[in-house]
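Chemist: Here you go, entry39.cif (mmCIF, C-alpha atoms):
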data_coords
loop_
_atom_site.label_atom_id
_atom_site.label_comp_id
_atom_site.auth_asym_id
_atom_site.auth_seq_id
_atom_site.Cartn_x
_atom_site.Cartn_y
_atom_site.Cartn_z
CA MET I 119 82.32 93.56 53.92
CA ALA I 120 84.40 94.89 51.09
CA ALA I 121 81.36 96.57 49.60
CA SER I 122 80.84 98.93 52.53
CA LYS I 123 83.68 101.33 52.01
CA ASN I 124 81.65 104.11 53.47
CA LEU I 125 80.92 105.32 56.95
CA GLN I 126 77.66 106.57 58.42
CA ILE I 127 77.42 108.64 61.56
CA VAL I 128 74.26 108.51 63.65
CA LEU I 129 74.32 110.97 66.51
CA VAL I 130 71.40 110.58 68.89
CA THR I 131 70.50 112.33 72.11
CA PRO I 132 67.51 111.38 74.29
CA GLU I 133 65.53 114.19 72.70
CA THR I 134 66.34 113.89 69.03
CA THR I 135 68.50 112.44 66.28
CA LEU I 136 70.99 115.13 65.42
CA LEU I 137 72.90 113.54 62.58
CA ASN I 138 72.39 110.67 60.23
CA GLU I 139 74.67 111.09 57.27
CA PRO I 140 77.73 109.69 55.51
CA VAL I 141 81.18 110.90 56.53
CA ASP I 142 84.77 110.06 55.64
CA SER I 143 86.16 109.73 59.12
CA ILE I 144 85.19 110.25 62.75
CA ARG I 145 87.21 111.10 65.80
CA LEU I 146 85.61 110.35 69.15
CA PRO I 147 86.44 111.32 72.71
CA MET I 148 86.67 108.06 74.64
CA PHE I 149 86.75 107.67 78.41
CA ASP I 150 90.53 107.35 78.30
CA GLY I 151 91.63 109.14 75.16
CA GLN I 152 90.59 109.48 71.58
CA LEU I 153 89.44 107.01 68.99
CA GLY I 154 89.58 107.55 65.27
CA ILE I 155 87.27 105.61 63.01
CA TYR I 156 87.69 105.02 59.32
CA PRO I 157 85.53 102.88 57.05
CA MET I 158 85.66 99.11 57.55
CA ARG I 159 86.47 99.28 61.21
CA SER I 160 85.75 96.10 63.15
CA PRO I 161 82.61 96.16 65.34
CA ALA I 162 83.05 97.78 68.72
CA VAL I 163 81.16 99.15 71.68
CA GLY I 164 82.78 101.79 73.78
CA ARG I 165 82.23 104.27 76.54
CA LEU I 166 82.68 107.92 75.66
CA GLY I 167 84.12 110.71 77.70
CA ALA I 168 83.38 114.40 77.42
CA GLY I 169 85.07 116.22 74.60
CA GLU I 170 85.15 116.86 70.93
CA LEU I 171 83.51 114.74 68.27
CA ARG I 172 85.12 115.57 64.97
CA LEU I 173 83.68 114.62 61.60
CA VAL I 174 85.50 114.94 58.32
CA GLN I 175 83.50 114.95 55.13
CA GLY I 176 85.05 115.83 51.79
CA GLY I 177 87.80 118.03 53.26
CA THR I 178 85.56 119.96 55.64
CA THR I 179 85.71 119.33 59.35
CA ARG I 180 82.84 119.76 61.76
CA SER I 181 83.08 119.63 65.51
CA TYR I 182 80.57 118.80 68.20
CA TYR I 183 80.94 118.86 71.93
CA ILE I 184 79.55 115.70 73.47
CA ASP I 185 79.08 114.91 77.11
CA GLY I 186 79.85 111.25 77.64
CA GLY I 187 77.68 108.40 76.45
CA PHE I 188 78.31 105.36 74.29
CA VAL I 189 79.42 104.48 70.81
CA GLN I 190 78.54 101.44 68.79
CA VAL I 191 80.34 100.54 65.58
CA LYS I 192 78.43 97.97 63.57
CA GLY I 193 79.21 97.55 59.90
CA PRO I 194 79.35 100.98 58.28
CA VAL I 195 77.14 102.59 60.93
CA VAL I 196 78.65 104.38 63.89
CA SER I 197 76.00 105.19 66.49
CA VAL I 198 76.89 107.78 69.07
CA LEU I 199 74.52 107.95 72.05
CA THR I 200 75.04 110.94 74.25
CA ASN I 201 73.10 113.02 76.74
CA ARG I 202 74.17 116.29 75.27
CA ALA I 203 75.61 117.32 71.94
CA VAL I 204 76.19 120.84 70.68
CA THR I 205 78.06 122.18 67.69
CA ALA I 206 81.39 123.79 68.49
CA GLU I 207 80.25 127.02 66.83
CA SER I 208 77.28 127.38 69.16
CA LEU I 209 79.52 127.37 72.25
CA SER I 210 80.17 130.95 73.23
CA THR I 211 83.52 131.62 74.89
CA LYS I 212 81.94 133.99 77.36
CA ALA I 213 79.24 131.61 78.52
CA VAL I 214 81.69 128.74 78.89
CA GLU I 215 84.12 130.91 80.85
CA ASP I 216 81.28 131.78 83.20
CA GLU I 217 80.50 128.11 83.64
CA LEU I 218 84.15 127.37 84.37
CA GLN I 219 84.24 130.14 86.93
CA ALA I 220 81.05 128.86 88.56
CA ALA I 221 82.58 125.39 88.78
CA LYS I 222 85.79 126.78 90.27
CA VAL I 223 84.15 128.68 93.10
CA ARG I 224 81.95 125.79 94.17
CA VAL I 225 82.99 124.45 97.55
CA ALA I 226 83.49 120.70 97.69
CA LYS I 227 83.38 119.21 101.16
CA THR I 228 82.99 115.48 100.63
CA ASP I 229 84.87 113.11 98.35
CA ASP I 230 81.85 112.79 96.08
CA GLU I 231 81.49 116.53 95.77
CA PHE I 232 85.17 116.85 95.06
CA ALA I 233 84.99 114.28 92.30
CA ALA I 234 81.94 115.97 90.81
CA LYS I 235 83.72 119.31 90.92
CA ALA I 236 86.83 117.91 89.24
CA ALA I 237 84.73 116.31 86.51
CA GLU I 238 82.81 119.54 86.01
CA LEU I 239 86.05 121.52 85.75
CA ALA I 240 87.55 119.13 83.23
CA LYS I 241 84.40 119.27 81.11
CA ALA I 242 84.26 123.06 81.26
CA ARG I 243 87.91 123.32 80.22
CA LYS I 244 87.29 121.06 77.26
CA ARG I 245 84.32 123.14 76.23
CA LEU I 246 86.41 126.30 76.58
CA ALA I 247 89.20 124.94 74.41
CA LEU I 248 86.67 123.99 71.78
CA ALA I 249 84.88 127.33 71.95
CA LYS I 250 88.12 129.27 71.60
CA ARG I 251 89.28 127.23 68.65
CA GLY I 252 85.95 127.66 66.92
CA LYS I 253 86.44 131.42 66.74
CA MET C 134 9.56 139.43 73.71
CA ALA C 135 11.25 138.57 76.98
CA LYS C 136 11.54 134.88 76.19
CA ALA C 137 12.95 135.33 72.70
CA ARG C 138 15.57 137.72 74.00
CA ALA C 139 16.63 135.38 76.78
CA VAL C 140 17.04 132.55 74.29
CA LEU C 141 19.04 134.80 72.01
CA LYS C 142 21.42 135.64 74.86
CA ARG C 143 22.02 131.98 75.58
CA LEU C 144 22.50 131.30 71.91
CA LYS C 145 25.25 133.89 71.71
CA ALA C 146 26.96 132.51 74.79
CA VAL C 147 26.95 128.97 73.38
CA LYS C 148 28.29 130.22 70.06
CA ASN C 149 31.19 131.88 71.87
CA ILE C 150 31.90 128.73 73.80
CA ARG C 151 31.94 126.76 70.59
CA LYS C 152 34.50 129.14 69.15
CA ILE C 153 36.73 128.65 72.16
CA THR C 154 36.47 124.87 72.23
CA ARG C 155 37.09 124.67 68.48
CA THR C 156 40.24 126.77 68.90
CA MET C 157 41.39 124.65 71.81
CA GLU C 158 40.85 121.55 69.73
CA LEU C 159 42.98 122.98 66.93
CA ILE C 160 45.72 123.98 69.35
CA ALA C 161 45.71 120.56 70.97
CA THR C 162 45.94 118.95 67.54
CA ALA C 163 48.96 121.04 66.61
CA ARG C 164 50.62 120.36 69.96
CA PHE C 165 49.87 116.68 69.70
CA LYS C 166 51.66 116.49 66.36
CA LYS C 167 54.70 118.23 67.80
CA ALA C 168 54.74 116.09 70.92
CA MET C 169 54.32 112.99 68.79
CA ASP C 170 57.32 113.99 66.66
CA ARG C 171 59.39 114.45 69.76
CA ALA C 172 58.34 111.09 71.10
CA THR C 173 59.25 109.32 67.86
CA GLN C 174 62.60 111.06 67.72
CA ALA C 175 63.31 110.14 71.30
CA SER C 176 62.52 106.50 70.65
CA ALA C 177 65.68 106.23 68.50
CA TYR C 178 67.78 106.70 71.62
CA THR C 179 65.74 104.33 73.78
CA ASN C 180 65.82 101.60 71.15
CA LYS C 181 69.55 101.93 70.65
CA ILE C 182 70.22 101.82 74.39
CA ALA C 183 68.08 98.71 74.71
CA GLU C 184 69.87 97.09 71.78
CA LEU C 185 73.28 97.85 73.26
CA ALA C 186 72.25 96.61 76.69
CA ALA C 187 71.02 93.36 75.17
CA ASP C 188 74.23 92.93 73.18
CA LEU C 189 76.31 93.58 76.24
CA ALA C 190 74.27 91.36 78.51
CA SER C 191 74.86 88.42 76.20
CA SER C 192 78.62 88.87 76.64
CA ALA C 193 78.56 89.48 80.37
CA THR C 194 76.03 87.00 81.71
CA ASP C 195 77.20 86.93 85.33
CA PHE C 196 76.55 90.59 85.66
CA VAL C 197 75.17 92.23 88.81
CA HIS C 198 74.26 95.84 89.26
CA PRO C 199 72.57 97.68 92.13
CA LEU C 200 69.82 98.88 89.80
CA LEU C 201 68.96 95.32 88.78
CA GLU C 202 68.62 93.70 92.18
CA GLY C 203 65.15 93.69 93.65
CA ARG C 204 64.67 93.89 97.38
CA THR C 205 63.02 91.07 99.26
CA GLU C 206 61.21 93.49 101.54
CA GLN C 207 59.38 96.28 99.78
CA LYS C 208 59.18 98.62 102.71
CA SER C 209 59.53 102.10 101.32
CA GLY C 210 59.38 103.54 97.88
CA VAL C 211 58.57 106.46 95.69
CA LEU C 212 55.37 106.99 93.81
CA LEU C 213 55.76 109.46 90.99
CA ILE C 214 52.51 110.84 89.63
CA LEU C 215 52.40 112.53 86.26
CA THR C 216 49.37 114.75 85.72
CA SER C 217 48.71 117.82 83.66
CA ASN C 218 49.03 121.43 84.71
CA ARG C 219 45.79 122.40 83.05
CA GLY C 220 42.32 120.94 82.94
CA LEU C 221 39.79 120.55 80.16
CA CYS C 222 41.31 117.31 79.04
CA GLY C 223 38.53 114.84 79.76
CA GLY C 224 39.37 111.88 81.95
CA TYR C 225 43.12 112.31 81.66
CA ASN C 226 43.88 113.23 85.26
CA ALA C 227 40.99 111.29 86.77
CA GLY C 228 42.32 108.04 85.28
CA VAL C 229 45.76 108.51 86.80
CA LEU C 230 44.48 109.69 90.16
CA LYS C 231 42.12 106.74 90.45
CA LEU C 232 45.10 104.41 90.14
CA VAL C 233 46.99 106.49 92.67
CA GLN C 234 44.19 106.17 95.22
CA GLN C 235 44.14 102.41 94.72
CA ARG C 236 47.90 102.22 95.11
CA LEU C 237 47.78 104.31 98.29
CA ARG C 238 45.16 102.00 99.78
CA ASP C 239 47.28 98.97 98.89
CA ALA C 240 50.37 100.56 100.39
CA LYS C 241 48.48 101.32 103.59
CA ALA C 242 47.27 97.73 103.82
CA ALA C 243 50.76 96.36 103.20
CA GLY C 244 52.37 98.82 105.62
CA GLN C 245 54.57 100.36 102.98
CA GLN C 246 56.07 103.80 103.30
CA LEU C 247 55.28 105.75 100.17
CA ARG C 248 57.01 108.96 99.28
CA ILE C 249 54.83 110.81 96.82
CA GLU C 250 56.21 113.05 94.14
CA VAL C 251 53.77 114.68 91.84
CA SER C 252 54.08 116.60 88.62
CA GLY C 253 51.28 118.88 87.41
CA LYS C 254 48.96 121.29 89.19
CA ARG C 255 45.96 119.01 88.79
CA GLY C 256 47.63 116.24 90.77
CA ILE C 257 48.83 118.66 93.42
CA ASN C 258 45.34 120.06 93.92
CA PHE C 259 43.88 116.57 94.14
CA LEU C 260 46.32 115.52 96.85
CA LYS C 261 45.71 118.75 98.74
CA PHE C 262 41.98 118.16 98.60
CA GLN C 263 42.36 114.57 99.77
CA LYS C 264 44.77 115.73 102.48
CA ILE C 265 47.43 113.29 101.30
CA GLU C 266 50.94 114.32 102.13
CA TYR C 267 53.38 114.68 99.30
CA ASP C 268 57.10 115.15 99.18
CA LYS C 269 57.96 117.01 96.03
CA THR C 270 56.06 118.78 93.31
CA TYR C 271 56.97 119.76 89.80
CA THR C 272 55.04 122.12 87.59
CA ASN C 273 57.73 122.71 85.00
CA PHE C 274 56.76 119.83 82.74
CA GLU C 275 54.42 121.04 80.05
CA ASP C 276 54.01 119.56 76.62
CA LYS C 277 57.76 119.64 75.99
CA PRO C 278 59.57 117.87 78.81
CA ARG C 279 63.32 118.45 78.56
CA PHE C 280 65.78 115.67 79.14
CA ASP C 281 68.05 117.51 81.56
CA GLU C 282 65.08 118.25 83.82
CA VAL C 283 64.08 114.61 83.84
CA GLU C 284 67.69 113.57 84.24
CA SER C 285 68.11 115.43 87.52
CA ILE C 286 65.10 113.58 88.94
CA ALA C 287 66.39 110.27 87.60
CA THR C 288 69.83 110.85 89.11
CA ARG C 289 68.28 111.48 92.50
CA PHE C 290 66.22 108.28 92.22
CA ILE C 291 69.31 106.27 91.27
CA SER C 292 71.34 107.53 94.20
CA ASP C 293 68.44 106.93 96.61
CA TYR C 294 67.97 103.43 95.27
CA THR C 295 71.65 102.50 95.43
CA ALA C 296 71.86 103.96 98.95
CA LYS C 297 68.94 101.62 99.78
CA THR C 298 66.75 104.33 101.25
CA ILE C 299 64.04 103.25 98.82
CA ASP C 300 63.13 99.78 97.62
CA PHE C 301 61.10 100.57 94.52
CA ILE C 302 59.90 103.36 92.30
CA ASP C 303 56.44 103.39 90.76
CA VAL C 304 55.19 105.80 88.16
CA ALA C 305 51.52 106.54 87.55
CA TYR C 306 50.97 108.10 84.15
CA VAL C 307 48.97 107.79 80.97
CA LYS C 308 50.80 105.48 78.65
CA PHE C 309 50.71 106.19 74.97
CA LEU C 310 50.08 103.04 72.95
CA SER C 311 48.82 104.49 69.71
CA PRO C 312 47.09 107.71 68.65
CA ALA C 313 43.81 105.88 69.23
CA LYS C 314 44.68 104.25 72.54
CA GLN C 315 46.18 105.59 75.72
CA ILE C 316 45.71 104.01 79.10
CA ALA C 317 46.41 105.18 82.61
CA THR C 318 49.02 102.82 84.02
CA LEU C 319 50.98 102.24 87.16
CA GLU C 320 54.42 100.93 86.36
CA SER C 321 57.32 99.88 88.49
CA ILE C 322 60.46 101.34 86.91
CA LEU C 323 63.00 100.34 89.52
CA PRO C 324 64.45 97.73 89.97
CA LEU C 325 65.12 97.49 86.28
CA ALA C 326 64.24 94.38 84.36
CA LYS C 327 67.29 92.42 83.31
CA PRO C 328 68.28 93.24 79.75
CA GLN C 329 66.77 90.65 77.45
CA VAL C 330 69.39 88.40 75.97
CA LYS C 331 68.48 87.60 72.41
CA THR C 332 67.38 84.03 71.98
CA THR C 333 68.88 81.86 69.32
CA GLY C 334 67.44 82.28 65.88
CA ALA C 335 67.75 84.63 62.99
CA ALA C 336 67.90 87.67 65.25
CA ALA C 337 70.73 86.17 67.27
CA ALA C 338 73.34 86.72 64.59
CA THR C 339 75.35 88.58 67.19
CA VAL C 340 78.25 90.71 66.19
CA ASP C 341 81.56 90.02 67.79
CA TYR C 342 82.21 93.36 69.39
CA GLU C 343 85.42 94.79 70.63
CA PHE C 344 84.68 96.32 74.03
CA LEU C 345 86.33 99.49 75.18
CA PRO C 346 86.96 99.11 78.12
CA SER C 347 84.97 95.90 78.84
CA ALA C 348 81.41 94.65 78.49
CA LYS C 349 80.93 94.77 82.22
CA GLU C 350 82.13 98.31 82.68
CA ILE C 351 80.08 99.59 79.78
CA LEU C 352 77.00 97.81 81.11
CA GLU C 353 77.53 99.50 84.46
CA GLU C 354 77.29 102.85 82.72
CA ILE C 355 74.54 101.94 80.35
CA LEU C 356 72.01 100.84 82.97
CA PRO C 357 71.62 104.26 84.55
CA ALA C 358 71.35 105.69 81.04
CA ALA C 359 68.65 103.16 80.23
CA PHE C 360 66.78 104.08 83.40
CA LYS C 361 66.96 107.77 82.56
CA ALA C 362 65.72 107.10 79.06
CA ARG C 363 62.85 105.05 80.48
CA LEU C 364 61.78 107.78 82.86
CA PHE C 365 62.06 110.34 80.10
CA LYS C 366 59.83 108.18 77.95
CA CYS C 367 57.18 108.21 80.70
CA PHE C 368 57.20 112.00 80.66
CA LEU C 369 57.01 112.11 76.88
CA ASP C 370 54.17 109.58 76.81
CA ALA C 371 52.27 111.62 79.37
CA ALA C 372 52.73 114.78 77.32
CA VAL C 373 51.51 113.16 74.11
CA SER C 374 48.54 111.52 75.83
CA GLU C 375 47.51 114.78 77.47
CA GLN C 376 47.24 116.48 74.11
CA ILE C 377 45.23 113.60 72.67
CA PHE C 378 42.85 113.63 75.62
CA ARG C 379 42.40 117.36 75.29
CA MET C 380 41.83 117.04 71.57
CA VAL C 381 39.13 114.43 72.06
CA ALA C 382 37.48 116.30 74.91
CA MET C 383 37.38 119.53 72.96
CA LYS C 384 36.06 117.80 69.86
CA GLY C 385 33.19 116.45 71.96
CA ALA C 386 32.57 119.86 73.47
CA THR C 387 32.47 121.50 70.06
CA GLU C 388 30.00 118.94 68.78
CA ASN C 389 27.77 119.35 71.81
CA ALA C 390 27.83 123.11 71.43
CA GLY C 391 26.79 122.71 67.79
CA GLU C 392 23.81 120.57 68.78
CA MET C 393 22.85 123.03 71.46
CA ILE C 394 23.04 125.90 69.00
CA SER C 395 20.66 124.25 66.55
CA SER C 396 18.13 123.45 69.29
CA LEU C 397 18.40 126.95 70.75
CA SER C 398 17.97 128.66 67.40
CA ARG C 399 14.86 126.56 66.77
CA GLN C 400 13.54 127.66 70.15
CA TYR C 401 14.33 131.25 69.37
CA ASN C 402 12.59 131.15 65.99
CA ARG C 403 9.50 129.58 67.53
CA ALA C 404 9.38 132.21 70.25
CA ARG C 405 9.81 134.99 67.71
CA GLN C 406 7.10 133.58 65.48
CA ALA C 407 4.71 133.15 68.39
CA GLN C 408 5.31 136.72 69.35
CA ILE C 409 4.60 138.01 65.85
CA THR C 410 1.42 135.97 65.72
CA SER C 411 0.22 137.32 69.00
CA GLU C 412 1.03 140.89 67.96
CA LEU C 413 -0.83 140.43 64.69
CA SER C 414 -3.90 139.05 66.42
CA GLU C 415 -3.78 141.97 68.82
CA ILE C 416 -3.75 144.44 65.94
CA ILE C 417 -6.56 142.61 64.16
CA GLY C 418 -8.51 142.43 67.38
CA GLY C 419 -7.99 146.17 67.90
CA ALA C 420 -9.12 146.94 64.35
CA GLU C 421 -12.21 144.76 64.77
CA ALA C 422 -13.13 146.58 67.97
CA LEU C 423 -12.98 149.97 66.22
CA LYS C 424 -15.53 148.95 63.59
#
Before anything else, please render the file you have as structure tokens.

Modeler:
Amino acid sequence: MAASKNLQIVLVTPETTLLNEPVDSIRLPMFDGQLGIYPMRSPAVGRLGAGELRLVQGGTTRSYYIDGGFVQVKGPVVSVLTNRAVTAESLSTKAVEDELQAAKVRVAKTDDEFAAKAAELAKARKRLALAKRGK
Amino acid sequence: MAKARAVLKRLKAVKNIRKITRTMELIATARFKKAMDRATQASAYTNKIAELAADLASSATDFVHPLLEGRTEQKSGVLLILTSNRGLCGGYNAGVLKLVQQRLRDAKAAGQQLRIEVSGKRGINFLKFQKIEYDKTYTNFEDKPRFDEVESIATRFISDYTAKTIDFIDVAYVKFLSPAKQIATLESILPLAKPQVKTTGAAAATVDYEFLPSAKEILEEILPAAFKARLFKCFLDAAVSEQIFRMVAMKGATENAGEMISSLSRQYNRARQAQITSELSEIIGGAEALK
């Protein structure tokens, strides 16, 4: 294992493979918090939450917004499977604010609807924070 | 002259048709390549999900999930039919619809309640013509099905299945096996097959994963994702196959038009020649008479 002092991120969505490249470190949004990954991490499988995926490579940081999914750490390869992934730069503050507003005004009558609304709100707020910081 | 001119008119028409079919063939080829690329890219996700599910299943063997349990009585279900929006693609739609008819007959014999959902104008028109009732229609899936569109359908299926209002889901579509082989198939996509646990051997060098939160909880989340990916794959397969069918059909049409053109131009030349001969003999005859 000592040989693999590098880290490879593979970011796949159902439609395409977005990333497959070496990075220095990765920070993932988990279902209950954040998880940082450096080279030589022990194998793991985890459930992701919505939020920011941050990649550091040679001093530069890139951010993606990902919408849940799974992560698998196996050797030097970190596979991130998610339904939706967009770069932080492509999120426009205006569009996200509109989405947040749309989620706010939705009327939730049942428990399920209420839970869906709360989840939607939390996701929209995370997107907004990311969009604002990207500017 | 009348005959030669009529042949010439037909000849021009056939030449125009050949131009159109040749263009359609080229377009279908380009679209097929794009659709194929999409399908290969999408397979990365499906394969990874399957790999994860297998890894997880080997650590949580006593696992039960509503999507995995089959029902003893298959009373009602959904039949999803994937056809194309446009024609001129050979036996593409006919193959699927033949299977659908068979399935409908079987369902009638077994007393099953089938809810039919159909994608593509060709399928909709067929059902209308056959006076078969259908529940939902989609015409938004062209050669580039998008995941979020498929996902909303999949989510509805999952909630219906877990609420036990339906006992199974079948999909009739043209499965893509290789660029040279696609077959119309009827597949049951729910209940899901249990994730295959790797058997002992070289491939079974399983990694000792750390699970966050636990194998069971992750598996609970991954099964719906696997189902969505599977349904998405059906749509992608159908899109790729449609382009291949169209490509083949248009290639045949172009070739036939070419054959027709050569036979028509021969006919035209004969008619023209015969006409010249007859005109010549008329002139000679006229000249002879004047002597």

Chemist: Produce a table with one row for each residue of chain I that has an atom at most 12 Å from any atom of chain C, each row naming the nearest atom pair and its distance in Å at one decimal; use only C-alpha atoms; arrange rows by chain and rising residue number; format as a Markdown table.

Modeler:
| residue | atom | partner | partner_atom | distance |
| --- | --- | --- | --- | --- |
| I:Val128 | CA | C:Ala177 | CA | 10.1 |
| I:Leu129 | CA | C:Tyr178 | CA | 9.3 |
| I:Val130 | CA | C:Tyr178 | CA | 6.0 |
| I:Thr131 | CA | C:Tyr178 | CA | 6.3 |
| I:Pro132 | CA | C:Ala175 | CA | 5.3 |
| I:Glu133 | CA | C:Ala175 | CA | 4.8 |
| I:Thr134 | CA | C:Gln174 | CA | 4.9 |
| I:Thr135 | CA | C:Gln174 | CA | 6.2 |
| I:Leu136 | CA | C:Gln174 | CA | 9.6 |
| I:Leu137 | CA | C:Gln174 | CA | 11.8 |
| I:Asn138 | CA | C:Ala177 | CA | 11.5 |
| I:Met148 | CA | C:Leu345 | CA | 8.6 |
| I:Phe149 | CA | C:Pro346 | CA | 8.6 |
| I:Asp150 | CA | C:Pro346 | CA | 9.0 |
| I:Gly151 | CA | C:Leu345 | CA | 11.0 |
| I:Gln152 | CA | C:Leu345 | CA | 11.4 |
| I:Leu153 | CA | C:Leu345 | CA | 10.2 |
| I:Arg159 | CA | C:Glu343 | CA | 10.5 |
| I:Ser160 | CA | C:Glu343 | CA | 7.6 |
| I:Pro161 | CA | C:Tyr342 | CA | 4.9 |
| I:Ala162 | CA | C:Glu343 | CA | 4.3 |
| I:Val163 | CA | C:Phe344 | CA | 5.1 |
| I:Gly164 | CA | C:Leu345 | CA | 4.5 |
| I:Arg165 | CA | C:Ile351 | CA | 6.1 |
| I:Leu166 | CA | C:Leu345 | CA | 9.2 |
| I:Gly167 | CA | C:Glu354 | CA | 11.6 |
| I:Gly186 | CA | C:Glu354 | CA | 10.1 |
| I:Gly187 | CA | C:Ile355 | CA | 8.2 |
| I:Phe188 | CA | C:Ile355 | CA | 7.9 |
| I:Val189 | CA | C:Leu185 | CA | 9.4 |
| I:Gln190 | CA | C:Leu185 | CA | 7.8 |
| I:Val191 | CA | C:Tyr342 | CA | 8.3 |
| I:Lys192 | CA | C:Val340 | CA | 7.7 |
| I:Gly193 | CA | C:Val340 | CA | 9.3 |
| I:Val196 | CA | C:Lys181 | CA | 11.6 |
| I:Ser197 | CA | C:Lys181 | CA | 8.3 |
| I:Val198 | CA | C:Lys181 | CA | 9.5 |
| I:Leu199 | CA | C:Tyr178 | CA | 6.9 |
| I:Thr200 | CA | C:Tyr178 | CA | 8.8 |
| I:Asn201 | CA | C:Phe280 | CA | 8.1 |
| I:Arg202 | CA | C:Asp281 | CA | 8.9 |
| I:Asp230 | CA | C:Ser292 | CA | 11.9 |

Chemist: Can you write out the residues you just picked, keeping C-alpha atoms, as an mmCIF file, in the coordinates of the input?

Modeler:
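As a result, part_34.cif now contains:
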data_model
loop_
_atom_site.group_PDB
_atom_site.id
_atom_site.type_symbol
_atom_site.label_atom_id
_atom_site.label_comp_id
_atom_site.auth_asym_id
_atom_site.auth_seq_id
_atom_site.Cartn_x
_atom_site.Cartn_y
_atom_site.Cartn_z
ATOM 1 C CA VAL I 128 74.260 108.510 63.650
ATOM 2 C CA LEU I 129 74.320 110.970 66.510
ATOM 3 C CA VAL I 130 71.400 110.580 68.890
ATOM 4 C CA THR I 131 70.500 112.330 72.110
ATOM 5 C CA PRO I 132 67.510 111.380 74.290
ATOM 6 C CA GLU I 133 65.530 114.190 72.700
ATOM 7 C CA THR I 134 66.340 113.890 69.030
ATOM 8 C CA THR I 135 68.500 112.440 66.280
ATOM 9 C CA LEU I 136 70.990 115.130 65.420
ATOM 10 C CA LEU I 137 72.900 113.540 62.580
ATOM 11 C CA ASN I 138 72.390 110.670 60.230
ATOM 12 C CA MET I 148 86.670 108.060 74.640
ATOM 13 C CA PHE I 149 86.750 107.670 78.410
ATOM 14 C CA ASP I 150 90.530 107.350 78.300
ATOM 15 C CA GLY I 151 91.630 109.140 75.160
ATOM 16 C CA GLN I 152 90.590 109.480 71.580
ATOM 17 C CA LEU I 153 89.440 107.010 68.990
ATOM 18 C CA ARG I 159 86.470 99.280 61.210
ATOM 19 C CA SER I 160 85.750 96.100 63.150
ATOM 20 C CA PRO I 161 82.610 96.160 65.340
ATOM 21 C CA ALA I 162 83.050 97.780 68.720
ATOM 22 C CA VAL I 163 81.160 99.150 71.680
ATOM 23 C CA GLY I 164 82.780 101.790 73.780
ATOM 24 C CA ARG I 165 82.230 104.270 76.540
ATOM 25 C CA LEU I 166 82.680 107.920 75.660
ATOM 26 C CA GLY I 167 84.120 110.710 77.700
ATOM 27 C CA GLY I 186 79.850 111.250 77.640
ATOM 28 C CA GLY I 187 77.680 108.400 76.450
ATOM 29 C CA PHE I 188 78.310 105.360 74.290
ATOM 30 C CA VAL I 189 79.420 104.480 70.810
ATOM 31 C CA GLN I 190 78.540 101.440 68.790
ATOM 32 C CA VAL I 191 80.340 100.540 65.580
ATOM 33 C CA LYS I 192 78.430 97.970 63.570
ATOM 34 C CA GLY I 193 79.210 97.550 59.900
ATOM 35 C CA VAL I 196 78.650 104.380 63.890
ATOM 36 C CA SER I 197 76.000 105.190 66.490
ATOM 37 C CA VAL I 198 76.890 107.780 69.070
ATOM 38 C CA LEU I 199 74.520 107.950 72.050
ATOM 39 C CA THR I 200 75.040 110.940 74.250
ATOM 40 C CA ASN I 201 73.100 113.020 76.740
ATOM 41 C CA ARG I 202 74.170 116.290 75.270
ATOM 42 C CA ASP I 230 81.850 112.790 96.080
#

Chemist: So that I can see what lies close to Glu170 in chain I, please list as a compact mmCIF listing (two decimals) with C-alpha atoms, in the coordinates of the input the residues with an atom at most 7 Å from it, counting all atoms listed in the file and leaving out residues fewer than 5 positions away in the same chain.

Modeler:
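So the final result, stored in out_0.txt, reads:
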# COMPACT_ATOMS: atom_id res chain seq x y z
CA LEU I 146 85.61 110.35 69.15
CA PRO I 147 86.44 111.32 72.71
CA SER I 181 83.08 119.63 65.51
CA TYR I 182 80.57 118.80 68.20
CA TYR I 183 80.94 118.86 71.93
CA ILE I 184 79.55 115.70 73.47

Chemist: Could you tell me which of I:Leu218, I:Gln126, I:Glu139, I:Arg224 comes closest to Ile155 in chain I if we count all atoms listed in the file?

Modeler: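 Looking only at the distances to Ile155 in chain I, the closest residue turns out to be I:Gln126.
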
Chemist: Quick one: which residues end up in the PyMOL selection byres ((chain I and resi 239) around 12) for this structure, as a compact mmCIF listing (two decimals) with C-alpha atoms, in the coordinates of the input?

Modeler:
# COMPACT_ATOMS: atom_id res chain seq x y z
CA ALA I 168 83.38 114.40 77.42
CA VAL I 214 81.69 128.74 78.89
CA GLU I 215 84.12 130.91 80.85
CA ASP I 216 81.28 131.78 83.20
CA GLU I 217 80.50 128.11 83.64
CA LEU I 218 84.15 127.37 84.37
CA GLN I 219 84.24 130.14 86.93
CA ALA I 220 81.05 128.86 88.56
CA ALA I 221 82.58 125.39 88.78
CA LYS I 222 85.79 126.78 90.27
CA VAL I 223 84.15 128.68 93.10
CA ARG I 224 81.95 125.79 94.17
CA PHE I 232 85.17 116.85 95.06
CA ALA I 233 84.99 114.28 92.30
CA ALA I 234 81.94 115.97 90.81
CA LYS I 235 83.72 119.31 90.92
CA ALA I 236 86.83 117.91 89.24
CA ALA I 237 84.73 116.31 86.51
CA GLU I 238 82.81 119.54 86.01
CA ALA I 240 87.55 119.13 83.23
CA LYS I 241 84.40 119.27 81.11
CA ALA I 242 84.26 123.06 81.26
CA ARG I 243 87.91 123.32 80.22
CA LYS I 244 87.29 121.06 77.26
CA ARG I 245 84.32 123.14 76.23
CA LEU I 246 86.41 126.30 76.58

Chemist: Give as a PyMOL selection string the residues that the PyMOL selection byres ((chain C and resi 195-212) around 6) matches when applied to the coordinates above.

Modeler: chain C and resi 193-194+213+245-249+295+299-304+324-325
